[in-house]
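Visitor: File model04.cif below, mmCIF, C-alpha atoms, pLDDT in the B column; chains and numbers go by the auth columns:
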data_coords
loop_
_atom_site.group_PDB
_atom_site.id
_atom_site.type_symbol
_atom_site.label_atom_id
_atom_site.label_comp_id
_atom_site.label_asym_id
_atom_site.label_seq_id
_atom_site.Cartn_x
_atom_site.Cartn_y
_atom_site.Cartn_z
_atom_site.B_iso_or_equiv
_atom_site.auth_seq_id
_atom_site.auth_asym_id
ATOM 1 C CA MET A 1 0.000 0.000 0.000 63.00 17 A
ATOM 2 C CA SER A 2 1.408 3.385 -0.977 81.00 18 A
ATOM 3 C CA LYS A 3 1.893 6.142 1.573 95.00 19 A
ATOM 4 C CA LEU A 4 2.461 9.879 1.409 97.00 20 A
ATOM 5 C CA LEU A 5 5.505 11.633 2.832 98.00 21 A
ATOM 6 C CA VAL A 6 4.448 15.278 2.807 98.00 22 A
ATOM 7 C CA PRO A 7 6.979 18.100 3.129 98.00 23 A
ATOM 8 C CA TYR A 8 4.586 20.992 3.768 98.00 24 A
ATOM 9 C CA TYR A 9 6.447 24.262 4.311 98.00 25 A
ATOM 10 C CA GLU A 10 3.665 26.658 5.250 97.00 26 A
ATOM 11 C CA HIS A 11 2.930 28.242 8.626 97.00 27 A
ATOM 12 C CA PRO A 12 -0.067 26.739 10.478 97.00 28 A
ATOM 13 C CA ALA A 13 -1.392 30.189 11.348 96.00 29 A
ATOM 14 C CA GLU A 14 -1.478 31.178 7.671 95.00 30 A
ATOM 15 C CA GLN A 15 -2.796 27.887 6.204 94.00 31 A
ATOM 16 C CA PRO A 16 -4.826 26.256 9.006 96.00 32 A
ATOM 17 C CA GLU A 17 -7.238 24.512 6.609 96.00 33 A
ATOM 18 C CA ALA A 18 -4.343 22.787 4.829 96.00 34 A
ATOM 19 C CA TRP A 19 -2.963 21.469 8.117 97.00 35 A
ATOM 20 C CA ASP A 20 -6.478 20.292 9.025 97.00 36 A
ATOM 21 C CA ALA A 21 -6.563 18.392 5.723 96.00 37 A
ATOM 22 C CA LEU A 22 -3.226 16.757 6.491 96.00 38 A
ATOM 23 C CA ILE A 23 -4.380 15.628 9.920 96.00 39 A
ATOM 24 C CA ALA A 24 -7.624 14.272 8.450 96.00 40 A
ATOM 25 C CA ALA A 25 -5.551 12.220 6.008 96.00 41 A
ATOM 26 C CA ALA A 26 -3.540 10.556 8.805 97.00 42 A
ATOM 27 C CA PRO A 27 -4.133 6.921 7.728 96.00 43 A
ATOM 28 C CA SER A 28 -2.651 7.583 4.270 96.00 44 A
ATOM 29 C CA LEU A 29 0.515 9.274 5.548 97.00 45 A
ATOM 30 C CA TYR A 30 3.998 7.887 5.994 97.00 46 A
ATOM 31 C CA GLY A 31 4.832 11.165 7.698 98.00 47 A
ATOM 32 C CA VAL A 32 4.861 14.955 7.588 98.00 48 A
ATOM 33 C CA VAL A 33 8.007 17.081 7.455 98.00 49 A
ATOM 34 C CA LEU A 34 7.944 20.006 9.887 98.00 50 A
ATOM 35 C CA ASN A 35 10.012 22.990 8.747 98.00 51 A
ATOM 36 C CA PRO A 36 9.371 26.075 10.911 98.00 52 A
ATOM 37 C CA ALA A 37 12.340 28.185 9.783 97.00 53 A
ATOM 38 C CA ASN A 38 14.418 26.312 7.219 97.00 54 A
ATOM 39 C CA GLY A 39 15.020 24.003 10.136 98.00 55 A
ATOM 40 C CA ALA A 40 14.005 24.166 13.770 98.00 56 A
ATOM 41 C CA GLY A 41 14.741 27.895 14.034 96.00 57 A
ATOM 42 C CA SER A 42 16.270 29.797 16.939 95.00 58 A
ATOM 43 C CA SER A 43 13.224 29.573 19.211 97.00 59 A
ATOM 44 C CA ALA A 44 10.102 27.466 19.528 98.00 60 A
ATOM 45 C CA ASP A 45 7.070 28.420 17.430 98.00 61 A
ATOM 46 C CA ALA A 46 3.819 27.878 19.340 98.00 62 A
ATOM 47 C CA ALA A 47 1.726 27.326 16.186 98.00 63 A
ATOM 48 C CA PHE A 48 4.067 24.601 14.940 98.00 64 A
ATOM 49 C CA ALA A 49 4.198 23.018 18.403 98.00 65 A
ATOM 50 C CA GLU A 50 0.386 22.832 18.438 98.00 66 A
ATOM 51 C CA VAL A 51 0.101 21.324 14.955 98.00 67 A
ATOM 52 C CA ALA A 52 2.872 18.835 15.757 98.00 68 A
ATOM 53 C CA GLN A 53 0.910 17.723 18.810 98.00 69 A
ATOM 54 C CA ARG A 54 -2.242 17.321 16.708 98.00 70 A
ATOM 55 C CA LEU A 55 -0.343 15.263 14.135 98.00 71 A
ATOM 56 C CA ARG A 56 1.100 12.997 16.812 98.00 72 A
ATOM 57 C CA SER A 57 -2.335 12.535 18.402 98.00 73 A
ATOM 58 C CA ALA A 58 -3.688 11.483 14.996 98.00 74 A
ATOM 59 C CA GLY A 59 -0.953 8.860 14.739 97.00 75 A
ATOM 60 C CA VAL A 60 1.134 10.723 12.150 98.00 76 A
ATOM 61 C CA ARG A 61 4.916 10.385 12.130 98.00 77 A
ATOM 62 C CA VAL A 62 6.403 13.890 12.491 98.00 78 A
ATOM 63 C CA LEU A 63 9.848 14.531 11.002 98.00 79 A
ATOM 64 C CA GLY A 64 11.996 17.597 11.650 98.00 80 A
ATOM 65 C CA TYR A 65 13.682 19.250 8.669 98.00 81 A
ATOM 66 C CA VAL A 66 17.483 19.585 8.873 98.00 82 A
ATOM 67 C CA ASP A 67 19.820 20.578 6.019 98.00 83 A
ATOM 68 C CA THR A 68 23.090 18.617 5.844 98.00 84 A
ATOM 69 C CA ALA A 69 24.622 20.559 2.904 98.00 85 A
ATOM 70 C CA TYR A 70 25.648 17.296 1.155 98.00 86 A
ATOM 71 C CA GLY A 71 27.795 16.265 4.099 97.00 87 A
ATOM 72 C CA ALA A 72 29.561 19.620 4.466 97.00 88 A
ATOM 73 C CA ARG A 73 27.628 20.873 7.486 98.00 89 A
ATOM 74 C CA PRO A 74 29.381 20.238 10.822 97.00 90 A
ATOM 75 C CA PRO A 75 27.723 17.166 12.333 96.00 91 A
ATOM 76 C CA GLN A 76 27.485 18.799 15.762 96.00 92 A
ATOM 77 C CA ASP A 77 25.286 21.504 14.213 97.00 93 A
ATOM 78 C CA VAL A 78 22.980 18.860 12.767 97.00 94 A
ATOM 79 C CA VAL A 79 22.735 17.097 16.132 96.00 95 A
ATOM 80 C CA ARG A 80 22.008 20.366 17.970 96.00 96 A
ATOM 81 C CA GLU A 81 19.262 21.242 15.519 97.00 97 A
ATOM 82 C CA ALA A 82 17.808 17.754 15.831 96.00 98 A
ATOM 83 C CA ALA A 83 17.714 18.208 19.604 95.00 99 A
ATOM 84 C CA ARG A 84 15.747 21.461 19.191 97.00 100 A
ATOM 85 C CA HIS A 85 13.227 19.717 16.941 97.00 101 A
ATOM 86 C CA ARG A 86 12.803 17.029 19.583 96.00 102 A
ATOM 87 C CA ALA A 87 12.508 19.420 22.520 96.00 103 A
ATOM 88 C CA TRP A 88 10.166 21.918 20.861 98.00 104 A
ATOM 89 C CA TYR A 89 8.055 19.773 18.534 98.00 105 A
ATOM 90 C CA GLY A 90 8.335 16.203 19.822 96.00 106 A
ATOM 91 C CA VAL A 91 9.338 14.862 16.416 97.00 107 A
ATOM 92 C CA HIS A 92 9.658 11.134 15.835 95.00 108 A
ATOM 93 C CA GLY A 93 12.636 11.545 13.543 96.00 109 A
ATOM 94 C CA LEU A 94 14.375 13.661 10.960 97.00 110 A
ATOM 95 C CA PHE A 95 14.219 14.554 7.299 98.00 111 A
ATOM 96 C CA LEU A 96 17.836 15.244 6.362 98.00 112 A
ATOM 97 C CA ASP A 97 17.809 17.428 3.269 98.00 113 A
ATOM 98 C CA GLN A 98 20.575 17.815 0.704 98.00 114 A
ATOM 99 C CA ALA A 99 21.962 14.403 1.560 98.00 115 A
ATOM 100 C CA ALA A 100 25.043 13.313 -0.366 98.00 116 A
ATOM 101 C CA THR A 101 24.917 10.418 -2.845 97.00 117 A
ATOM 102 C CA SER A 102 28.605 9.482 -3.040 98.00 118 A
ATOM 103 C CA ALA A 103 30.259 6.671 -1.092 97.00 119 A
ATOM 104 C CA LEU A 104 32.810 9.232 0.109 98.00 120 A
ATOM 105 C CA GLN A 105 30.245 10.767 2.470 98.00 121 A
ATOM 106 C CA LEU A 106 28.999 7.461 3.890 98.00 122 A
ATOM 107 C CA PRO A 107 31.148 7.748 7.053 98.00 123 A
ATOM 108 C CA TYR A 108 29.726 11.234 7.716 98.00 124 A
ATOM 109 C CA TYR A 109 26.141 9.955 7.637 98.00 125 A
ATOM 110 C CA ALA A 110 26.996 6.783 9.572 97.00 126 A
ATOM 111 C CA ASP A 111 28.527 8.869 12.363 96.00 127 A
ATOM 112 C CA LEU A 112 25.553 11.211 12.217 96.00 128 A
ATOM 113 C CA ARG A 113 23.105 8.319 12.564 95.00 129 A
ATOM 114 C CA ALA A 114 24.964 7.069 15.645 94.00 130 A
ATOM 115 C CA ALA A 115 25.118 10.544 17.207 94.00 131 A
ATOM 116 C CA LEU A 116 21.417 11.156 16.624 93.00 132 A
ATOM 117 C CA ALA A 117 20.477 7.794 18.111 89.00 133 A
ATOM 118 C CA ALA A 118 22.477 8.675 21.207 88.00 134 A
ATOM 119 C CA THR A 119 20.642 11.973 21.709 83.00 135 A
ATOM 120 C CA TYR A 120 17.083 10.605 21.426 80.00 136 A
ATOM 121 C CA ASP A 121 15.376 8.529 24.110 77.00 137 A
ATOM 122 C CA THR A 122 13.346 6.613 21.509 82.00 138 A
ATOM 123 C CA TYR A 123 14.017 5.234 18.025 88.00 139 A
ATOM 124 C CA VAL A 124 14.828 7.922 15.464 92.00 140 A
ATOM 125 C CA THR A 125 13.173 7.561 12.069 96.00 141 A
ATOM 126 C CA LEU A 126 15.693 8.850 9.547 97.00 142 A
ATOM 127 C CA VAL A 127 14.812 9.974 6.014 98.00 143 A
ATOM 128 C CA LEU A 128 17.660 10.988 3.714 98.00 144 A
ATOM 129 C CA ASN A 129 16.664 13.308 0.881 98.00 145 A
ATOM 130 C CA HIS A 130 19.275 12.610 -1.783 97.00 146 A
ATOM 131 C CA GLY A 131 17.037 13.754 -4.609 96.00 147 A
ATOM 132 C CA ALA A 132 18.816 11.193 -6.798 94.00 148 A
ATOM 133 C CA VAL A 133 19.807 7.533 -6.540 94.00 149 A
ATOM 134 C CA PRO A 134 22.617 7.241 -3.938 96.00 150 A
ATOM 135 C CA GLU A 135 25.274 4.624 -3.372 96.00 151 A
ATOM 136 C CA PRO A 136 23.690 1.402 -2.036 94.00 152 A
ATOM 137 C CA GLY A 137 25.388 1.785 1.362 95.00 153 A
ATOM 138 C CA TYR A 138 23.016 4.560 2.350 96.00 154 A
ATOM 139 C CA ALA A 139 20.163 2.063 2.591 95.00 155 A
ATOM 140 C CA ARG A 140 21.782 0.694 5.752 95.00 156 A
ATOM 141 C CA LEU A 141 21.736 4.095 7.430 96.00 157 A
ATOM 142 C CA ALA A 142 18.172 5.296 6.893 96.00 158 A
ATOM 143 C CA ASP A 143 14.593 4.126 7.106 96.00 159 A
ATOM 144 C CA LEU A 144 13.704 5.852 3.843 97.00 160 A
ATOM 145 C CA LEU A 145 15.740 7.214 0.921 97.00 161 A
ATOM 146 C CA VAL A 146 14.365 9.966 -1.312 97.00 162 A
ATOM 147 C CA THR A 147 15.827 8.910 -4.649 95.00 163 A
ATOM 148 C CA PHE A 148 14.083 11.512 -6.796 95.00 164 A
ATOM 149 C CA GLU A 149 13.109 15.132 -6.235 96.00 165 A
ATOM 150 C CA GLY A 150 12.181 17.241 -9.223 96.00 166 A
ATOM 151 C CA PRO A 151 9.473 18.334 -11.661 96.00 167 A
ATOM 152 C CA TRP A 152 6.919 16.048 -13.256 96.00 168 A
ATOM 153 C CA SER A 153 8.323 16.842 -16.704 94.00 169 A
ATOM 154 C CA GLU A 154 11.613 15.221 -15.678 93.00 170 A
ATOM 155 C CA TYR A 155 10.008 12.403 -13.715 93.00 171 A
ATOM 156 C CA ARG A 156 7.968 11.169 -16.694 88.00 172 A
ATOM 157 C CA SER A 157 10.612 11.859 -19.353 82.00 173 A
ATOM 158 C CA ALA A 158 11.022 9.175 -22.000 52.00 174 A
ATOM 159 C CA GLY A 159 8.856 6.771 -20.024 57.00 175 A
ATOM 160 C CA GLN A 160 11.792 6.152 -17.714 68.00 176 A
ATOM 161 C CA VAL A 161 11.269 3.546 -15.003 68.00 177 A
ATOM 162 C CA ARG A 162 13.091 4.696 -11.897 72.00 178 A
ATOM 163 C CA PRO A 163 14.707 2.341 -9.366 70.00 179 A
ATOM 164 C CA THR A 164 12.344 1.663 -6.492 77.00 180 A
ATOM 165 C CA GLY A 165 12.201 -0.499 -3.419 81.00 181 A
ATOM 166 C CA PRO A 166 10.169 -0.722 -0.226 83.00 182 A
ATOM 167 C CA ASP A 167 12.301 1.969 1.391 94.00 183 A
ATOM 168 C CA THR A 168 12.378 4.528 -1.424 96.00 184 A
ATOM 169 C CA CYS A 169 10.472 7.761 -1.876 96.00 185 A
ATOM 170 C CA HIS A 170 9.894 10.126 -4.820 96.00 186 A
ATOM 171 C CA LEU A 171 9.078 13.817 -4.353 97.00 187 A
ATOM 172 C CA VAL A 172 7.587 15.343 -7.501 97.00 188 A
ATOM 173 C CA TYR A 173 6.357 18.876 -8.085 97.00 189 A
ATOM 174 C CA ALA A 174 4.474 20.576 -10.937 97.00 190 A
ATOM 175 C CA ALA A 175 2.491 17.349 -11.193 96.00 191 A
ATOM 176 C CA PRO A 176 -0.966 17.129 -12.843 96.00 192 A
ATOM 177 C CA PRO A 177 -3.967 15.739 -10.935 94.00 193 A
ATOM 178 C CA ASP A 178 -3.704 12.346 -12.664 94.00 194 A
ATOM 179 C CA ALA A 179 0.018 11.893 -12.009 94.00 195 A
ATOM 180 C CA VAL A 180 1.044 8.488 -10.659 92.00 196 A
ATOM 181 C CA ALA A 181 4.161 7.811 -8.604 92.00 197 A
ATOM 182 C CA GLN A 182 6.456 4.832 -9.115 91.00 198 A
ATOM 183 C CA ALA A 183 7.673 4.623 -5.511 93.00 199 A
ATOM 184 C CA PRO A 184 5.722 3.113 -2.586 93.00 200 A
ATOM 185 C CA VAL A 185 6.259 6.317 -0.579 96.00 201 A
ATOM 186 C CA HIS A 186 5.828 9.554 -2.479 96.00 202 A
ATOM 187 C CA CYS A 187 4.437 13.064 -2.712 97.00 203 A
ATOM 188 C CA LEU A 188 3.212 14.583 -5.983 97.00 204 A
ATOM 189 C CA VAL A 189 2.146 18.208 -5.659 97.00 205 A
ATOM 190 C CA PRO A 190 0.869 20.845 -8.110 96.00 206 A
ATOM 191 C CA GLY A 191 3.212 23.554 -6.784 96.00 207 A
ATOM 192 C CA GLN A 192 6.108 24.845 -8.842 96.00 208 A
ATOM 193 C CA LEU A 193 9.435 26.508 -8.219 96.00 209 A
ATOM 194 C CA PRO A 194 10.466 28.525 -6.315 96.00 210 A
ATOM 195 C CA HIS A 195 8.174 27.119 -3.597 96.00 211 A
ATOM 196 C CA PRO A 196 6.645 23.801 -4.654 97.00 212 A
ATOM 197 C CA TRP A 197 6.320 22.453 -1.115 98.00 213 A
ATOM 198 C CA GLY A 198 3.829 25.135 -0.192 96.00 214 A
ATOM 199 C CA THR A 199 1.116 22.954 -1.753 96.00 215 A
ATOM 200 C CA LEU A 200 -0.390 19.625 -0.766 97.00 216 A
ATOM 201 C CA PRO A 201 -0.907 16.569 -2.992 96.00 217 A
ATOM 202 C CA HIS A 202 -3.974 17.066 -5.194 88.00 218 A
ATOM 203 C CA ARG A 203 -6.259 14.750 -3.269 82.00 219 A
ATOM 204 C CA LEU A 204 -5.408 16.423 0.036 89.00 220 A
ATOM 205 C CA GLU A 205 -5.865 20.013 -1.102 73.00 221 A
ATOM 206 C CA PRO A 206 -8.714 21.535 0.970 68.00 222 A
ATOM 207 C CA VAL A 207 -11.711 22.979 -0.817 54.00 223 A
ATOM 208 C CA ARG A 208 -11.388 26.759 -0.911 51.00 224 A
#
Hey, can you dump this file as structure tokens for me?
Guide:
Amino acid sequence: MSKLLVPYYEHPAEQPEAWDALIAAAPSLYGVVLNPANGAGSSADAAFAEVAQRLRSAGVRVLGYVDTAYGARPPQDVVREAARHRAWYGVHGLFLDQAATSALQLPYYADLRAALAATYDTYVTLVLNHGAVPEPGYARLADLLVTFEGPWSEYRSAGQVRPTGPDTCHLVYAAPPDAVAQAPVHCLVPGQLPHPWGTLPHRLEPVR
């Protein structure tokens, strides 16, 4: 059964009906990515804390957004930001953006996984957003690998069949209402650059 991983980067106070729609769709969700300020931010946001609590109560996995700059960001900064997500929003795990794909960065992410596990008192769900197919070793480090992020025009090009597996995810924007994903976990939204993740998947968009 397919599931939705939804990175929704809008403030709950500005788009409350969209967050209501996400919570109502709880059974169909793999998880929701919480991104208050291109990360956890410098202080807790009460509106995000409330919506995170509502998501958790509905049984939705909540993931905190953290940028890893393709393995160039100091790991201690990633761990500190992860701790803020946990303390302020009670996240179940992390969505590590701009994850590297090369085998050269595998030790960085392996050390990061160990450090994050040591800072949480429960299991940490880890999603690596590579945006492309990474070296196979990354599958041992994460619960879910985002192996495609891009526009629908690229996703469907030349009828290409993209590598998939039970632990892969595709994030597609500028997608039409009848778009179909190839991965078991996915998110296909109508939004376009520069802010595609300010829209929900077609079937979750609230009636306006």
Visitor: Using the chain letters and numbering of this document, enumerate as a compact mmCIF listing (two decimals) with C-alpha atoms, keeping the file's coordinate frame the residues selected by the PyMOL selection byres ((chain A and resi 25) around 7).
Guide:
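selection_12.txt was written with the following content:
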# COMPACT_ATOMS: atom_id res chain seq x y z
CA PRO A 23 6.98 18.10 3.13
CA TYR A 24 4.59 20.99 3.77
CA GLU A 26 3.66 26.66 5.25
CA HIS A 27 2.93 28.24 8.63
CA ASN A 51 10.01 22.99 8.75
CA TRP A 213 6.32 22.45 -1.12
CA GLY A 214 3.83 25.14 -0.19
Visitor: Which residue out of A:Thr163, A:Thr138, A:Ser173, A:Ser73 has the minimum interatomic distance to A:Ala199 when only C-alpha atoms are used?
Guide: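 Using only C-alpha atoms, A:Ala199 sits closest to A:Thr163.
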Visitor: With 5 Å of padding per side, what axis-aligned box (centre and edge lengths, Å, one decimal) covers all the listed atoms of stretch 75-90 of chain A? Give it as AutoDock Vina command-line options.
Guide:
--center_x 14.3 --center_y 14.9 --center_z 7.9 --size_x 40.5 --size_y 22.0 --size_z 23.6
Visitor: Atom CA of A:Leu132 to atom CA of A:Leu161: how many Å, to one decimal?
Guide: 17.2 Å
Visitor: Find the residue from A:His202, A:Pro212, A:Asp93, A:Val196 that sits nearest to A:Leu45; use all atoms listed in the file when measuring.
Guide: A:His202
Visitor: Determine, counting all atoms listed in the file, which protein, DNA and RNA residues have an atom within 9 Å of an atom of A:Leu122; residues of the same chain fewer than 3 positions away are not included. Present the result as number ranges by chain.
Guide: A: 87, 116-119, 125-127, 151, 153-154, 157
Visitor: Atoms to include: C-alpha atoms. Write the selected residues as a PDB file, keeping the file's coordinate frame.
Guide:
ATOM      1  CA  GLY A  87      27.795  16.265   4.099  1.00 97.00           C
ATOM      2  CA  ALA A 116      25.043  13.313  -0.366  1.00 98.00           C
ATOM      3  CA  THR A 117      24.917  10.418  -2.845  1.00 97.00           C
ATOM      4  CA  SER A 118      28.605   9.482  -3.040  1.00 98.00           C
ATOM      5  CA  ALA A 119      30.259   6.671  -1.092  1.00 97.00           C
ATOM      6  CA  TYR A 125      26.141   9.955   7.637  1.00 98.00           C
ATOM      7  CA  ALA A 126      26.996   6.783   9.572  1.00 97.00           C
ATOM      8  CA  ASP A 127      28.527   8.869  12.363  1.00 96.00           C
ATOM      9  CA  GLU A 151      25.274   4.624  -3.372  1.00 96.00           C
ATOM     10  CA  GLY A 153      25.388   1.785   1.362  1.00 95.00           C
ATOM     11  CA  TYR A 154      23.016   4.560   2.350  1.00 96.00           C
ATOM     12  CA  LEU A 157      21.736   4.095   7.430  1.00 96.00           C
TER      13      LEU A 157
END
Visitor: Could you check how far atom CA of A:Val78 sits from atom CA of A:Gln31, in Å to one decimal?
Guide: 17.9 Å
Visitor: The residues within 10 Å of (0.1, 22.0, -7.1), using all atoms listed in the file and the coordinates of the file, should be reported as a JSON list (two decimals) with C-alpha atoms, in the coordinates of the input; which are they?
Guide:
[["chain", "number", "residue", "atom", "x", "y", "z"],
["A", 189, "TYR", "CA", 6.36, 18.88, -8.09],
["A", 190, "ALA", "CA", 4.47, 20.58, -10.94],
["A", 191, "ALA", "CA", 2.49, 17.35, -11.19],
["A", 192, "PRO", "CA", -0.97, 17.13, -12.84],
["A", 193, "PRO", "CA", -3.97, 15.74, -10.94],
["A", 204, "LEU", "CA", 3.21, 14.58, -5.98],
["A", 205, "VAL", "CA", 2.15, 18.21, -5.66],
["A", 206, "PRO", "CA", 0.87, 20.84, -8.11],
["A", 207, "GLY", "CA", 3.21, 23.55, -6.78],
["A", 208, "GLN", "CA", 6.11, 24.84, -8.84],
["A", 212, "PRO", "CA", 6.64, 23.80, -4.65],
["A", 213, "TRP", "CA", 6.32, 22.45, -1.12],
["A", 214, "GLY", "CA", 3.83, 25.14, -0.19],
["A", 215, "THR", "CA", 1.12, 22.95, -1.75],
["A", 216, "LEU", "CA", -0.39, 19.62, -0.77],
["A", 217, "PRO", "CA", -0.91, 16.57, -2.99],
["A", 218, "HIS", "CA", -3.97, 17.07, -5.19],
["A", 221, "GLU", "CA", -5.86, 20.01, -1.10]]
Visitor: Counting only C-alpha atoms, which of A:Leu79, A:Ala68, A:Leu209, A:Cys203 gets nearest to A:Ser44?
Guide: A:Cys203
Visitor: Go through A:Ala56, A:Ala88, A:Ala62, A:Ala158 and flag the residue nearest A:Pro28, using all atoms listed in the file for the distances.
Guide: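 Closest candidate: A:Ala62.
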Visitor: Could you tell me which residues the PyMOL selection byres ((chain A and resi 182) around 8) grabs in this file, written as an MDAnalysis selection string?
Guide: chainID A and resid 180:181 183:184 199:200
